[in-house]
$ cat my_file-v2.txt   # compact mmCIF, C-alpha atoms
# COMPACT_ATOMS: atom_id res chain seq x y z
CA MET H 28 185.33 122.89 135.40
CA ASN H 29 183.12 120.14 133.94
CA GLU H 30 181.35 117.43 135.90
CA GLN H 31 183.85 114.79 134.98
CA GLN H 32 186.77 116.72 136.40
CA GLN H 33 184.75 117.48 139.49
CA SER H 34 184.01 113.80 140.04
CA LEU H 35 187.64 112.91 139.55
CA GLN H 36 188.72 115.50 142.09
CA GLU H 37 186.18 114.17 144.51
CA LEU H 38 187.51 110.63 144.10
CA GLN H 39 191.06 111.85 144.66
CA HIS H 40 189.92 113.59 147.83
CA ILE H 41 188.31 110.35 149.05
CA LYS H 42 191.47 108.40 148.32
CA LYS H 43 193.64 110.96 150.08
CA MET H 44 191.49 110.97 153.21
CA MET H 45 191.39 107.18 153.33
CA GLU H 46 195.17 106.99 153.05
CA ARG H 47 195.89 109.81 155.45
CA SER H 48 193.68 108.29 158.12
CA SER H 49 194.81 104.69 157.85
CA ARG H 50 198.51 104.82 156.97
CA PHE H 51 201.42 106.85 158.27
CA ILE H 52 202.55 108.29 154.95
CA SER H 53 205.13 110.77 156.23
CA LEU H 54 207.86 108.16 156.43
CA SER H 55 210.64 109.82 154.46
CA GLY H 56 212.95 108.06 152.01
CA LEU H 57 215.80 110.04 153.55
CA SER H 58 215.13 108.19 156.82
CA GLY H 59 216.08 104.99 155.01
CA VAL H 60 219.24 106.60 153.64
CA GLY H 61 220.17 107.94 157.10
CA ALA H 62 219.66 104.56 158.77
CA GLY H 63 221.62 102.86 155.97
CA VAL H 64 224.60 105.18 156.33
CA ALA H 65 224.57 104.66 160.11
CA ALA H 66 224.57 100.89 159.56
CA LEU H 67 227.51 101.01 157.14
CA ILE H 68 229.56 103.13 159.55
CA GLY H 69 228.65 100.75 162.38
CA ALA H 70 229.68 97.71 160.31
CA TRP H 71 232.97 99.41 159.40
CA LEU H 72 233.68 100.15 163.07
CA ALA H 73 232.74 96.61 164.09
CA TYR H 74 234.84 94.89 161.40
CA PRO H 75 238.20 94.69 163.25
CA TYR H 76 236.51 93.38 166.42
CA VAL H 77 234.37 90.81 164.62
CA PHE H 78 237.33 89.37 162.70
CA GLY H 79 239.66 89.43 165.69
CA LEU H 80 242.02 92.16 164.46
CA LYS H 81 241.35 94.08 167.65
CA ASP H 82 240.55 92.84 171.13
CA ASN H 83 236.80 93.08 171.75
CA ILE H 84 237.12 93.11 175.54
CA ILE H 85 237.23 96.49 177.29
CA ASN H 86 238.14 95.38 180.80
CA ASP H 87 239.76 91.96 181.24
CA THR H 88 239.36 91.56 185.00
CA ALA H 89 235.71 92.61 184.99
CA VAL H 90 234.97 90.22 182.14
CA ILE H 91 236.66 87.29 183.84
CA THR H 92 234.79 87.74 187.12
CA LEU H 93 231.43 88.23 185.39
CA ALA H 94 232.02 85.34 183.00
CA MET H 95 232.89 83.06 185.92
CA ALA H 96 229.64 84.05 187.62
CA GLU H 97 227.78 83.49 184.33
CA ASP H 98 226.50 87.05 184.63
CA TYR H 99 225.04 88.27 181.33
CA ARG H 100 226.25 91.83 182.06
CA VAL H 101 229.60 90.64 180.76
CA ILE H 102 228.39 91.91 177.39
CA LEU H 103 228.65 95.52 178.64
CA TYR H 104 232.44 95.13 178.69
CA THR H 105 232.76 94.45 174.97
CA TYR H 106 233.40 97.06 172.28
CA LEU H 107 230.95 95.36 169.94
CA PHE H 108 228.06 95.93 172.33
CA TRP H 109 228.70 99.67 172.43
CA ILE H 110 229.23 99.88 168.67
CA ALA H 111 225.92 98.07 168.16
CA ALA H 112 224.10 100.31 170.65
CA GLY H 113 225.58 103.46 169.08
CA THR H 114 224.69 102.30 165.57
CA PHE H 115 221.12 101.54 166.60
CA LEU H 116 220.73 104.94 168.25
CA ALA H 117 222.26 106.82 165.31
CA ALA H 118 220.03 104.97 162.84
CA LEU H 119 216.92 105.59 164.93
CA LEU H 120 217.68 109.30 165.40
CA SER H 121 218.41 109.97 161.73
CA ALA H 122 215.32 108.01 160.67
CA PHE H 123 213.22 109.98 163.13
CA PHE H 124 214.74 113.32 162.08
CA PHE H 125 213.91 113.14 158.36
CA THR H 126 210.43 111.78 158.98
CA TRP H 127 209.78 114.50 161.52
CA ILE H 128 210.72 117.13 158.93
CA LYS H 129 208.48 115.56 156.31
CA SER H 130 205.51 115.22 158.65
CA ARG H 131 205.84 118.89 159.60
CA LYS H 132 205.83 119.88 155.95
CA GLU H 133 202.66 117.87 155.34
CA GLY H 134 200.97 118.97 158.55
CA ILE H 135 200.50 115.39 159.73
CA PRO H 136 201.16 114.90 163.45
CA ILE H 137 204.13 112.56 164.00
CA TRP H 138 202.47 111.16 167.14
CA GLY H 139 199.05 110.73 165.55
CA VAL H 140 197.00 107.55 165.51
CA THR H 141 198.58 106.25 162.31
CA ALA H 142 202.11 106.81 163.62
CA ARG H 143 201.29 105.01 166.84
CA ARG H 144 199.73 102.10 164.99
CA LEU H 145 202.85 101.83 162.84
CA MET H 146 205.14 101.90 165.88
CA VAL H 147 203.23 99.17 167.70
CA ASN H 148 203.21 96.89 164.67
CA VAL H 149 206.92 97.35 163.98
CA SER H 150 207.82 96.89 167.62
CA ILE H 151 206.16 93.53 168.19
CA PRO H 152 208.35 91.45 165.82
CA LEU H 153 211.41 93.52 166.80
CA LEU H 154 210.98 92.97 170.54
CA VAL H 155 210.40 89.25 170.07
CA GLY H 156 213.51 89.25 167.88
CA ALA H 157 215.50 91.05 170.56
CA VAL H 158 214.58 88.45 173.19
CA PHE H 159 215.43 85.64 170.79
CA LEU H 160 218.79 87.15 169.86
CA PHE H 161 219.58 87.72 173.51
CA ARG H 162 219.09 84.02 174.15
CA LEU H 163 221.28 83.20 171.14
CA LEU H 164 224.03 85.33 172.66
CA GLN H 165 223.68 83.43 175.94
CA PHE H 166 224.08 80.17 174.04
CA GLN H 167 227.07 81.75 172.27
CA ALA H 168 225.51 81.08 168.88
CA TYR H 169 227.15 84.23 167.50
CA GLU H 170 226.91 83.01 163.91
CA LEU H 171 223.13 83.26 164.06
CA ILE H 172 222.99 86.86 165.29
CA ALA H 173 223.30 88.56 161.88
CA PRO H 174 220.80 86.31 160.09
CA GLY H 175 218.50 86.62 163.13
CA CYS H 176 218.60 90.44 162.91
CA LEU H 177 217.80 90.32 159.19
CA LEU H 178 214.96 87.82 159.56
CA PHE H 179 213.13 89.53 162.42
CA TYR H 180 213.64 92.96 160.85
CA GLY H 181 212.27 91.68 157.53
CA LEU H 182 209.18 90.35 159.29
CA ALA H 183 208.75 93.66 161.12
CA LEU H 184 208.85 95.56 157.82
CA ILE H 185 206.30 93.28 156.18
CA ASN H 186 204.05 93.77 159.19
CA ALA H 187 204.61 97.53 158.95
CA SER H 188 203.64 97.70 155.28
CA LYS H 189 199.95 97.65 156.19
CA TYR H 190 200.38 100.82 158.21
CA THR H 191 202.66 102.97 156.07
CA LEU H 192 203.73 103.31 152.43
CA ALA H 193 203.18 99.81 151.05
CA GLU H 194 206.51 99.58 149.19
CA ILE H 195 208.31 98.90 152.46
CA ARG H 196 207.06 95.32 152.02
CA TYR H 197 209.67 94.73 149.30
CA LEU H 198 212.44 95.93 151.58
CA GLY H 199 211.11 93.35 154.06
CA TYR H 200 211.20 90.54 151.49
CA ALA H 201 214.77 91.45 150.55
CA GLN H 202 215.86 91.36 154.21
CA LEU H 203 214.26 87.94 154.66
CA LEU H 204 216.02 86.61 151.58
CA LEU H 205 219.41 87.89 152.77
CA GLY H 206 218.78 86.51 156.26
CA MET H 207 217.92 83.06 154.95
CA ILE H 208 220.93 82.89 152.63
CA ASN H 209 223.11 84.04 155.52
CA LEU H 210 222.02 80.95 157.50
CA TRP H 211 224.16 78.87 155.14
CA TYR H 212 227.13 81.27 155.07
CA VAL H 213 227.53 81.78 158.77
CA GLY H 214 231.06 83.19 158.82
CA TYR H 215 230.03 86.16 156.71
CA GLY H 216 227.34 87.60 158.99
CA LEU H 217 228.80 91.10 159.09
CA TYR H 218 228.78 91.35 155.29
CA PHE H 219 225.18 90.20 155.08
CA TRP H 220 224.27 92.54 157.91
CA ALA H 221 225.92 95.50 156.16
CA ALA H 222 224.23 94.60 152.87
CA GLY H 223 220.80 94.36 154.51
CA PHE H 224 220.84 97.21 156.99
CA GLY H 225 223.22 99.42 155.01
CA VAL H 226 222.96 98.95 151.26
CA LEU H 227 219.30 97.89 151.05
CA HIS H 228 218.18 100.78 153.29
CA ILE H 229 220.02 103.26 151.08
CA VAL H 230 218.67 101.78 147.83
CA TYR H 231 215.14 101.73 149.23
CA GLY H 232 215.47 105.24 150.68
CA VAL H 233 216.76 106.77 147.46
CA TYR H 234 214.00 105.08 145.46
CA MET H 235 211.27 106.26 147.85
CA TRP H 236 212.69 109.77 147.96
CA TRP H 237 212.84 109.90 144.18
CA LYS H 238 209.30 108.56 143.84
CA TYR H 239 207.50 110.67 146.45
CA GLU H 240 209.62 113.59 147.54
CA SER H 241 211.97 114.81 144.82
CA LYS H 242 209.15 116.36 142.78
CA SER H 243 207.36 118.20 145.53
CA MET E 17 167.04 106.11 132.37
CA VAL E 18 167.98 107.27 135.85
CA ASN E 19 170.08 110.36 135.89
CA PRO E 20 173.32 109.48 137.73
CA ILE E 21 173.26 112.83 139.46
CA ASP E 22 170.21 111.66 141.41
CA ASN E 23 172.45 109.12 143.07
CA LEU E 24 175.00 111.71 144.05
CA ASN E 25 173.83 112.11 147.57
CA LYS E 26 173.21 115.74 148.40
CA LEU E 27 174.49 115.02 151.89
CA PHE E 28 177.96 114.39 150.49
CA ASP E 29 178.01 117.68 148.67
CA SER E 30 180.65 119.08 151.00
CA ARG E 31 184.30 118.14 151.07
CA VAL E 32 184.30 117.88 154.84
CA ARG E 33 181.42 115.39 154.92
CA LEU E 34 182.95 113.34 152.15
CA GLY E 35 186.23 113.40 154.08
CA ILE E 36 184.58 112.26 157.31
CA LEU E 37 182.89 109.38 155.50
CA SER E 38 186.14 108.37 153.75
CA VAL E 39 187.95 108.23 157.08
CA LEU E 40 185.18 106.23 158.75
CA MET E 41 185.06 103.75 155.87
CA VAL E 42 188.61 102.59 156.58
CA ASN E 43 188.72 103.04 160.37
CA GLU E 44 186.40 101.26 162.76
CA SER E 45 185.97 104.32 164.94
CA VAL E 46 187.62 107.72 165.08
CA ASN E 47 187.38 110.33 167.80
CA PHE E 48 186.62 114.01 167.42
CA ASN E 49 190.18 115.26 167.81
CA ASN E 50 191.59 112.85 165.26
CA LEU E 51 188.94 113.87 162.76
CA LYS E 52 189.78 117.51 163.42
CA GLU E 53 193.48 116.88 162.78
CA LEU E 54 192.76 114.96 159.59
CA MET E 55 190.41 117.60 158.18
CA SER E 56 192.29 120.58 159.56
CA ILE E 57 189.12 122.55 160.29
CA THR E 58 187.67 124.28 163.36
CA ASP E 59 185.72 122.54 166.13
CA GLY E 60 182.47 124.32 165.30
CA ASN E 61 182.65 123.58 161.60
CA LEU E 62 183.40 119.89 162.15
CA ALA E 63 180.70 119.56 164.83
CA SER E 64 178.00 120.95 162.55
CA HIS E 65 178.89 118.54 159.74
CA LEU E 66 178.97 115.62 162.17
CA LYS E 67 175.58 116.63 163.52
CA ALA E 68 174.06 116.68 160.03
CA LEU E 69 175.47 113.23 159.25
CA GLU E 70 174.25 111.89 162.57
CA GLU E 71 170.74 113.22 162.02
CA HIS E 72 170.56 111.36 158.74
CA LYS E 73 171.75 108.17 160.48
CA ILE E 74 174.83 108.05 158.26
CA ILE E 75 177.12 107.92 161.30
CA LYS E 76 176.61 106.99 164.94
CA VAL E 77 178.12 108.63 167.96
CA GLU E 78 179.47 107.08 171.13
CA LYS E 79 180.30 109.18 174.14
CA GLY E 80 182.82 107.78 176.54
CA PHE E 81 185.55 108.83 178.91
CA ILE E 82 189.31 108.59 178.93
CA GLY E 83 190.06 109.28 182.55
CA ARG E 84 187.99 112.36 183.26
CA LYS E 85 188.05 113.74 179.74
CA THR E 86 185.11 113.09 177.46
CA ASN E 87 185.99 111.10 174.39
CA THR E 88 183.43 111.16 171.59
CA THR E 89 183.96 108.59 168.87
CA TYR E 90 182.23 108.28 165.54
CA MET E 91 181.41 105.22 163.46
CA ILE E 92 179.76 104.73 160.11
CA THR E 93 176.34 103.00 160.09
CA LYS E 94 175.27 100.26 157.69
CA ALA E 95 173.06 102.81 155.96
CA GLY E 96 176.02 105.18 155.79
CA GLU E 97 178.19 102.54 154.15
CA LYS E 98 175.50 101.88 151.58
CA ALA E 99 175.04 105.58 150.85
CA PHE E 100 178.79 106.09 150.51
CA LYS E 101 179.14 103.14 148.13
CA SER E 102 176.34 104.32 145.88
CA HIS E 103 177.90 107.76 145.92
CA LEU E 104 181.15 106.22 144.69
CA GLU E 105 179.27 104.32 141.98
CA ALA E 106 177.58 107.51 140.87
CA LEU E 107 180.96 109.23 140.65
CA GLU E 108 182.26 106.35 138.55
CA ILE E 109 179.32 106.61 136.16
CA MET E 110 179.83 110.35 135.81
CA ILE E 111 183.47 109.87 134.95
CA ARG E 112 182.75 107.17 132.40
CA ALA E 113 179.80 108.98 130.82
CA THR E 114 181.78 111.95 129.54
CA LYS E 115 184.52 110.22 127.61

$ encode --input "my_file-v2.txt" --output "structure tokens"
Amino acid sequence: MNEQQQSLQELQHIKKMMERSSRFISLSGLSGVGAGVAALIGAWLAYPYVFGLKDNIINDTAVITLAMAEDYRVILYTYLFWIAAGTFLAALLSAFFFTWIKSRKEGIPIWGVTARRLMVNVSIPLLVGAVFLFRLLQFQAYELIAPGCLLFYGLALINASKYTLAEIRYLGYAQLLLGMINLWYVGYGLYFWAAGFGVLHIVYGVYMWWKYESKS
Amino acid sequence: MVNPIDNLNKLFDSRVRLGILSVLMVNESVNFNNLKELMSITDGNLASHLKALEEHKIIKVEKGFIGRKTNTTYMITKAGEKAFKSHLEALEIMIRATK
């Protein structure tokens, strides 16, 4: 091996160590695909309730009493709440599963410093978003829920891009764009939501998988 | 003309040391266990490399506690940053020289 090759290898080693220590690079493309599929199934299940083809209320008497008392727990008696919760859980679990597999293959601890840093920085915009959306629900501004989800999620992804594979930034921009357009097409929230959380996740996931994982 | 190899710091001759420096360049401070995970080497091996770097004032050590457990963190010194940068420059020159 000549000196040039040796120097090149050394540089690659430096780059690898810098990346491994500062970014959580085990995030799998398949996690995106899994979350996207979960979102599409969730949107499909929610469709008849959102557009009034099926009654969203699980227990009429409970809802009436709680609504009269202006108790926010009234939301627990709607089908949409449970579909949303189930979708979120399914997306989170499938995202976690594929990334866990990839991190085991690469020998990078899934609860290491970089993973924790990523989690914290994703969570901050998401938690603020959750509080904001909760208030929107209380004001019955249902039209703004879907664009709100897209906007806060887009911001969370852009924030995350400093702590994981940088391409996730473009997924963030796309979510923001969809969210902003949705603000002017308020009756179509579910479609925008499915496009953002479903289709975009799958497109991004397949691209990332093809770029980083299909060859190894 | 100065031979670029002179600038290739002998201290950075090992992969482990180069790795430690790379990690400390992009992280303010890193503790022993995290370094061990990143390098995937044994305690003794890592400790001896850290000691050598510390003796040359390339890195500095801070001993603290998390609860009752000792927590030793490592940071790069100004001199260490300079040495690492000139090492990178030397590598660059070597790569360019043999076109």

$ residues_around --input "my_file-v2.txt" --residues "stretch 195-203 of chain H" --least-positions-apart "5" --cutoff "7 Å" --atoms "all atoms listed in the file" --output "PyMOL selection string"
chain H and resi 177-178+181-182+184-185+188+223+231

$ atom_distance --input "my_file-v2.txt" --atom1 "atom CA of H:Ala187" --atom2 "atom CA of H:Ile41"
23.0 Å

$ interface_residues --input "my_file-v2.txt" --of "chain H" --to "chain E" --cutoff "7 Å" --atoms "all atoms listed in the file" --output "PyMOL selection string"
chain H and resi 31+34-35+41+44-45+48-49

$ atom_distance --input "my_file-v2.txt" --atom1 "atom CA of H:Gly225" --atom2 "atom CA of H:Asp82"
24.6 Å

$ atom_distance --input "my_file-v2.txt" --atom1 "atom CA of H:Ala221" --atom2 "atom CA of H:Phe161"
20.0 Å

$ closest_residue --input "my_file-v2.txt" --among "H:Trp71, H:Tyr190, H:Trp211, H:Phe159" --to "H:Val147" --atoms "all atoms listed in the file"
H:Tyr190

$ residues_around --input "my_file-v2.txt" --residues "stretch 78-89 of chain E" --least-positions-apart "3" --cutoff "7 Å" --atoms "only C-alpha atoms" --output "list in words"
Ser45, Val46, Asn47 and Phe48 of chain E

$ residues_around --input "my_file-v2.txt" --residues "H:Pro136" --least-positions-apart "3" --cutoff "10 Å" --atoms "all atoms listed in the file" --output "ChimeraX atom specification"
/H:51,53,127,130-131,133,139-142 /E:50,53-54

$ closest_residue --input "my_file-v2.txt" --among "H:Gly206, H:Pro152, H:Gly216, H:Gly61" --to "H:Tyr74" --atoms "only C-alpha atoms"
H:Gly216

$ axis_aligned_box --input "my_file-v2.txt" --around "stretch 71-77 of chain E" --padding-each-side "3 Å" --output "lines of an AutoDock Vina configuration file"
center_x = 174.3
center_y = 110.1
center_z = 163.1
size_x = 13.6
size_y = 12.2
size_z = 15.7

$ build_atoms --input "my_file-v2.txt" --residues "stretch 77-91 of chain H" --atoms "N, CA and C atoms" --output "CSV table (one decimal), keeping the file's coordinate frame"
chain,number,residue,atom,x,y,z
H,77,VAL,N,235.0,92.1,165.0
H,77,VAL,CA,234.4,90.8,164.6
H,77,VAL,C,235.4,89.8,164.1
H,78,PHE,N,236.4,90.3,163.3
H,78,PHE,CA,237.3,89.4,162.7
H,78,PHE,C,238.6,89.2,163.5
H,79,GLY,N,238.6,89.7,164.8
H,79,GLY,CA,239.7,89.4,165.7
H,79,GLY,C,240.9,90.2,165.4
H,80,LEU,N,240.8,91.3,164.7
H,80,LEU,CA,242.0,92.2,164.5
H,80,LEU,C,242.3,93.0,165.7
H,81,LYS,N,241.2,93.3,166.4
H,81,LYS,CA,241.4,94.1,167.6
H,81,LYS,C,240.7,93.3,168.8
H,82,ASP,N,241.1,93.5,170.0
H,82,ASP,CA,240.6,92.8,171.1
H,82,ASP,C,239.2,93.5,171.5
H,83,ASN,N,238.2,92.6,171.5
H,83,ASN,CA,236.8,93.1,171.8
H,83,ASN,C,236.5,93.4,173.2
H,84,ILE,N,237.4,93.0,174.1
H,84,ILE,CA,237.1,93.1,175.5
H,84,ILE,C,237.7,94.4,176.1
H,85,ILE,N,236.8,95.2,176.8
H,85,ILE,CA,237.2,96.5,177.3
H,85,ILE,C,238.0,96.4,178.6
H,86,ASN,N,237.5,95.5,179.5
H,86,ASN,CA,238.1,95.4,180.8
H,86,ASN,C,238.3,93.9,181.2
H,87,ASP,N,239.5,93.4,181.1
H,87,ASP,CA,239.8,92.0,181.2
H,87,ASP,C,239.3,91.4,182.6
H,88,THR,N,239.7,92.1,183.7
H,88,THR,CA,239.4,91.6,185.0
H,88,THR,C,237.9,91.5,185.2
H,89,ALA,N,237.2,92.6,184.8
H,89,ALA,CA,235.7,92.6,185.0
H,89,ALA,C,235.1,91.5,184.2
H,90,VAL,N,235.5,91.3,183.0
H,90,VAL,CA,235.0,90.2,182.1
H,90,VAL,C,235.2,88.8,182.7
H,91,ILE,N,236.4,88.6,183.3
H,91,ILE,CA,236.7,87.3,183.8
H,91,ILE,C,235.8,87.0,185.0
